Amino acid sequence: MAANVEQLLETAARLRRETGDDLHGRITEAIYTDAGEIADRAVSRDETTPGGIHLDQFFDRVLTSRLWGFPLMVLMLMVVFWLTIAGANVPSAMLAQLLQGTVYDALHNAAQAVGAPWWLSGFLIDGVYLATAWVISVMLPPMAIFFPLFTLLEDLGYLPRVAFNLDRLFKRSGAHGKQSLTMMMGYGCNAAGVVSTRIIDSPRERLIAIITNNFSICNGRWPTLILIGTIFIGATAPPMLASFIAASSVVAVAILGIIFTLLVSAFLSRTWLKGEASSFSLELPPYRPPRIWQTIYTSIIDRTLIVLKRAVIMAAPAGAVVWLISNVYVGGDSVANHLIQWLDPVGLALGLNGVILLAYVVAIPANEIVVPTILMLTLNAAKSSLAQTGVMIELEDDAQIYQVLTQMGGWTFLTGMNLMLFSLLHNPCSTTIMTIWQETRSVKWTTVASLLPIGIGVVVCLLTATVARLLF
Amino acid sequence: MSVYVETATAAKECGACPSTSCNTAHLTRLGIKMDDWDYVVALAGNPNTGKSTLFNAWTGLRQHVGNWNGKTVTRAEGALRYNDRKFKLVDLPGTYSLLSMSVHEEVARDFVLFGRPDVTVVVVDANRLERGLHLVLQTLEITDRVVVCLNLIDEARRNNLKIDERALARDLGVPVVPTAVRHGEGLPELLRVVDEMAQGRYPTRPHRLNYRDAALEAAVAQLAGQLEGMFPGLPNARWVALRLLENDESIIRAVREGTLGDLQRPDAFPELMQLEAR
C-alpha cells in the first residue's frame with residue numbers, strides 16, 4: 001500500500017511537470033467557460049418592459065456618491081433618531097408613571113401591610129425593583145422604535161452602502177475594507193462585532209478591527225445617548241426644535257465614533273500594527289424590499305426583548321448593590337457616599353461627577369444600566385444628605401429626571417454632553433472584554449482594547465471640561 | 001420543539017391535491033434537536049443568496065439573517081423531520097469557490113469533501129446565475145448528490161430575467177428547483193427533491209468540467225484511474241487527481257496516511273477537528 005501511494009504521488013509529480021504550470025489558472029478558466037456557456041443557454045432577458053435594475057443603479061450612484069453619500073447617511077440617521085426620540089416620549093412617560101408610580105406605591109403599601117422590615121422592603125423595592133423598573137421605562141420605548149427602524153435599513157440593503165462609503169476611508173487609514181462591515185455589526189452589539197471580525201483574514205487588520213469596534217455604539221448605549229440627548233441637549237432648544245436638536249446630538253456622537261474608529265485605526269496601523277491594507281472588493285447586495293411586519297416582529301422579539309432581558313438581569317443585582325452601598329453606613333456616611341466623594345474630584349475634573357464614575361464601575365457588566373444606576377445613586381445621595389428616609393421621589397417623565405439630575409446631582413449642560421462623550425469613549429462591557437480575549441487569546445491586546453477607549457475618553461472629557469471652564 | 005403551525009390547516013385544505021406541492025404538511029422543524037439523523041444535508045452557496053433564510057425556514061431556528069456578504073462565519077447546524085426521516089442541516093459559510101483560498105472556502109470545501117453530506121444544496125442567486133454556477137460546477141466535481149436551489153427567482157422576474165430551469169438541469173445533470181425562499185415559494189418542492197436524493201432515488205449525471213486541454217485531461221484520467229484502483233468507491237477521483245496535480249498538501253497527506261479511503265469518518269482528519277475548534 002505504502003509503495004503504491006509513493007508510486008501514485010511520483011506519477012502525480014511527473015504529470016505535474018508534464019502538464020505545465022498555472023494549473024490553477026487553467027482550472028479556473030475551465031470553470032468560467034463552462035459556467036458561462038451553461039448560463040447563456042439558460043438565461044434570457046425580456047427586454048420588452050424596463051426593469052428595476054436601472055433603478056437599483058440609480059440608487060447606488062446616489063447613495064454611494066462622493067458628494068451625496070455622507071450627507072444622505074447623516075440625513076438617514078437623523079430621521080431614524082428623530083422618529084425614535086419624538087415617538088418614545090409619551091410611552092416612556094406612561095411606563096414610568098405605571099412602574100415608578102402606581103406599581104411602586106402598591107408594592108410599598110403591600111410591604112407595609114404585611115409588616116416587612118424597612119431593610120427588606122428597601123432592598124427589594126427601592127433596590128432591585130426600582131432599578132429594573134427604570135431600565136424598562138427608560139429603555140423599552142426607544143428600543144422598540146429604534147431597532148425595527150435600524151433593522152429595516154439593514155434589510156433594505158442600505159447599511160452595506162454606508163460600509164461602501166466608509167470603505168475608502170478605512171483603506172486610507174491602513175485598515176481592512178471589511179472593517180466597515182464589522183463596525184456595522186458593532187452597532188448592534190460589540191461582542192457580536194468582535195466575533196464578526198473573523199471575516200478579516202489578516203491578523204494585523206483583524207486586531208485593529210477588534211480594538212476599534214468599541215467605538216460603534218451598541219444596543220446598551222443607544223438608550224443612554226437618546227435619553228441624555230433629549231433631556232440635556234434637546235431641552236436647551238425651543239420646543240419645536242427640541243427633538244431635532246436631540247437627534248442631531250445623538251447622530252453627532254455616532255459620527256464622532258466613526259471618526260475615532262478611523263483615527264485609532266490609522267494610529268495603530270502606523271505604530272504597533274504596521275502594515276499595508278489588504279486589497280478587497282466590497283460587494284453591494286441588491287436592494288430588497290423589506291418584509292416590514294416580519295422585520296418589526298423579529299426586531300422586537302429578537303433584539304428589543306433580548307437586550308431588555310439582559311438589562312433587567314443586570315439591573316436587578318445592580319439595584320441591590322446600589323441600595324446596599326447607599327444604606328450601609330461606615331463612619332457616619334454611606335459606603336456609596338464615601339466612594340462618590342472619593343471619585344468626585346476626578347469626576348468633576350472630567351466634567352462629570354463621582355456618581356457617574358461609580359455608575360460606570362457598577363455598570364461594567366452591562367452598559368444598559370448606566371442611567372438607572374446614576375439616578376438611584378443621585379437620589380440616594382440626596383436623600384441621605386437631606387436625612388429623608390423611606391421617601392422616594394417619583395420620576396414620572398423626562399422632565400423630572402432632568403430636575404433630579406440638575407437640582408440634586410448638580411448637573412449642567414457640560415455634564416450631559418460629557419456623559420454622552422464618555423458613553424462613546426469608555427471601556428467595553430465585560431461580555432465584550434471576554435469575547436476579545438476569546439478571539440485574540442492575548443492578555444496584551446485585550447488590555448489595550450479595554451483601556452485605550454477609556455484613556456481616550458478621559459482625555460476628551462478633560463479637554464471639553466477645561467475649555468468649558470475657560471469659556472464660561 | 002417548534003412544530004410547523006400550519007400543519008393542521010394545510011392538511012385539511014390539501015387533502016385532495018396530489019402529493020407534490022403540499023408536502024410541507026409533513027415537515028417538522030426540530031431546531032437544534034439533533035440527537036440522531038438519517039441524512040445530512042449541506043447548504044452551500046455564494047454569499048447573500050439566502051442560505052441562512054432557507055436554513056431558518058427549515059429548522060425553525062433564528063440564525064441572524066442580514067442583507068450582507070459573509071455573515072455566516074462558521075457553520076451552523078439544525079434539524080428537521082420530513083416524512084418520518086430526520087435530516088441534519090448544515091449551513092456553510094458563503095463562498096464563491098471551493099478552491100480553499102480563504103477560511104470560508106476551506107470550511108465549506110472540507111465539509112462537502114470530508115463530512116460527506118448525503119445531499120448538498122447549492123443555493124444560487126438567479127440574478128447572478130453565472131457566478132453561482134462557478135460554485136455548482138466545483139461542487140459537482142466533489143459530489144454528485146447536488147440539488148441546485150435557484151433562489152431569488154422573484155427578484156429575477158422583476159429584473160425581467162427568464163431562466164429555463166429545465167435546460168439548466170439538463171446541462172448540470174442534477175435537479176434545479178426555482179425558489180423565492182423569503183416568501184416560501186418553491187420550498188415544498190425543494191424539500192421533496194432533497195428527500196428523494198437523500199434516499200438515492202434521484203439519479204444524477206453531473207456535468208464534468210471540460211478542461212479543453214488534451215494533456216491535462218489525459219493526466220487527470222490516468223491519476224483518477226490509479227486512485228480508483230487504490231480506493232475503490234471513491235466518489236470524486238477526478239477531483240482528487242486534480243488536487244494532486246495542483247500539489248495540494250492536505251490531499252497529499254490524506255493519500256499518504258490512507259485516510260482518503262474512509263472519507264466518511266471526519267474524525268480521521270485532524271484539520272477538520274481543528275476547524276471545529278476554531
# chains A, B, ... in the order shown; residues from 1 in each chain; ligands from 1
>>> select_by_dssp(residues="segment 9-257 of chain B", states="alpha helix (DSSP H)", output="PyMOL selection string")
chain B and resi 9-13+51-59+103-114+129-142+153-158+165-172+187-198+214-230+237-245+249-256
>>> interface_residues(of="chain A", to="chain B", cutoff="6 Å", atoms="only C-alpha atoms", output="PyMOL selection string")
chain A and resi 12+16+19+30-31+35-36+39+42-46+51-52+155+157
>>> write_last_selection(atoms="C-alpha atoms", output="PDB file, in the first residue's frame")
ATOM      1  CA  ALA A  12       1.387  12.884  -9.939  1.00  0.00           C
ATOM      2  CA  ARG A  16       2.544  17.903 -12.869  1.00  0.00           C
ATOM      3  CA  THR A  19       1.154  19.352 -17.860  1.00  0.00           C
ATOM      4  CA  ALA A  30     -12.482  25.844 -17.380  1.00  0.00           C
ATOM      5  CA  ILE A  31     -14.949  26.671 -14.606  1.00  0.00           C
ATOM      6  CA  ALA A  35     -20.400  28.272 -16.317  1.00  0.00           C
ATOM      7  CA  GLY A  36     -20.653  30.987 -18.950  1.00  0.00           C
ATOM      8  CA  ALA A  39     -25.734  30.320 -18.083  1.00  0.00           C
ATOM      9  CA  ALA A  42     -30.432  29.058 -19.591  1.00  0.00           C
ATOM     10  CA  VAL A  43     -30.954  32.796 -19.185  1.00  0.00           C
ATOM     11  CA  SER A  44     -32.831  35.078 -21.499  1.00  0.00           C
ATOM     12  CA  ARG A  45     -33.682  38.677 -20.878  1.00  0.00           C
ATOM     13  CA  ASP A  46     -37.103  40.013 -21.518  1.00  0.00           C
ATOM     14  CA  GLY A  51     -36.546  46.535 -15.445  1.00  0.00           C
ATOM     15  CA  GLY A  52     -35.784  47.531 -11.913  1.00  0.00           C
ATOM     16  CA  ASP A 155     -32.792  44.701   5.267  1.00  0.00           C
ATOM     17  CA  GLY A 157     -29.527  46.989   1.818  1.00  0.00           C
TER      18      GLY A 157
END
>>> residues_around(residues="Ile313 of chain A", least_positions_apart="3", cutoff="12 Å", atoms="only C-alpha atoms", output="PyMOL selection string")
chain A and resi 128-129+131-133+135-136+305-310+316-320+365-366+368-369
>>> atom_distance(atom1="atom CA of Val177 of chain B", atom2="atom CA of Glu77 of chain B")
22.4 Å
>>> select_by_dssp(residues="segment 35-266 of chain B", states="strand (DSSP E or B)", output="VMD selection string")
chain B and resid 39 to 45 76 to 82 85 to 91 119 to 125 146 to 151 161 to 163 176 to 178 180 185
>>> atom_distance(atom1="atom CA of Gly60 of chain B", atom2="atom CA of Leu30 of chain B")
6.9 Å
>>> atom_distance(atom1="atom CA of Leu352 of chain A", atom2="atom CA of Thr466 of chain A")
11.8 Å
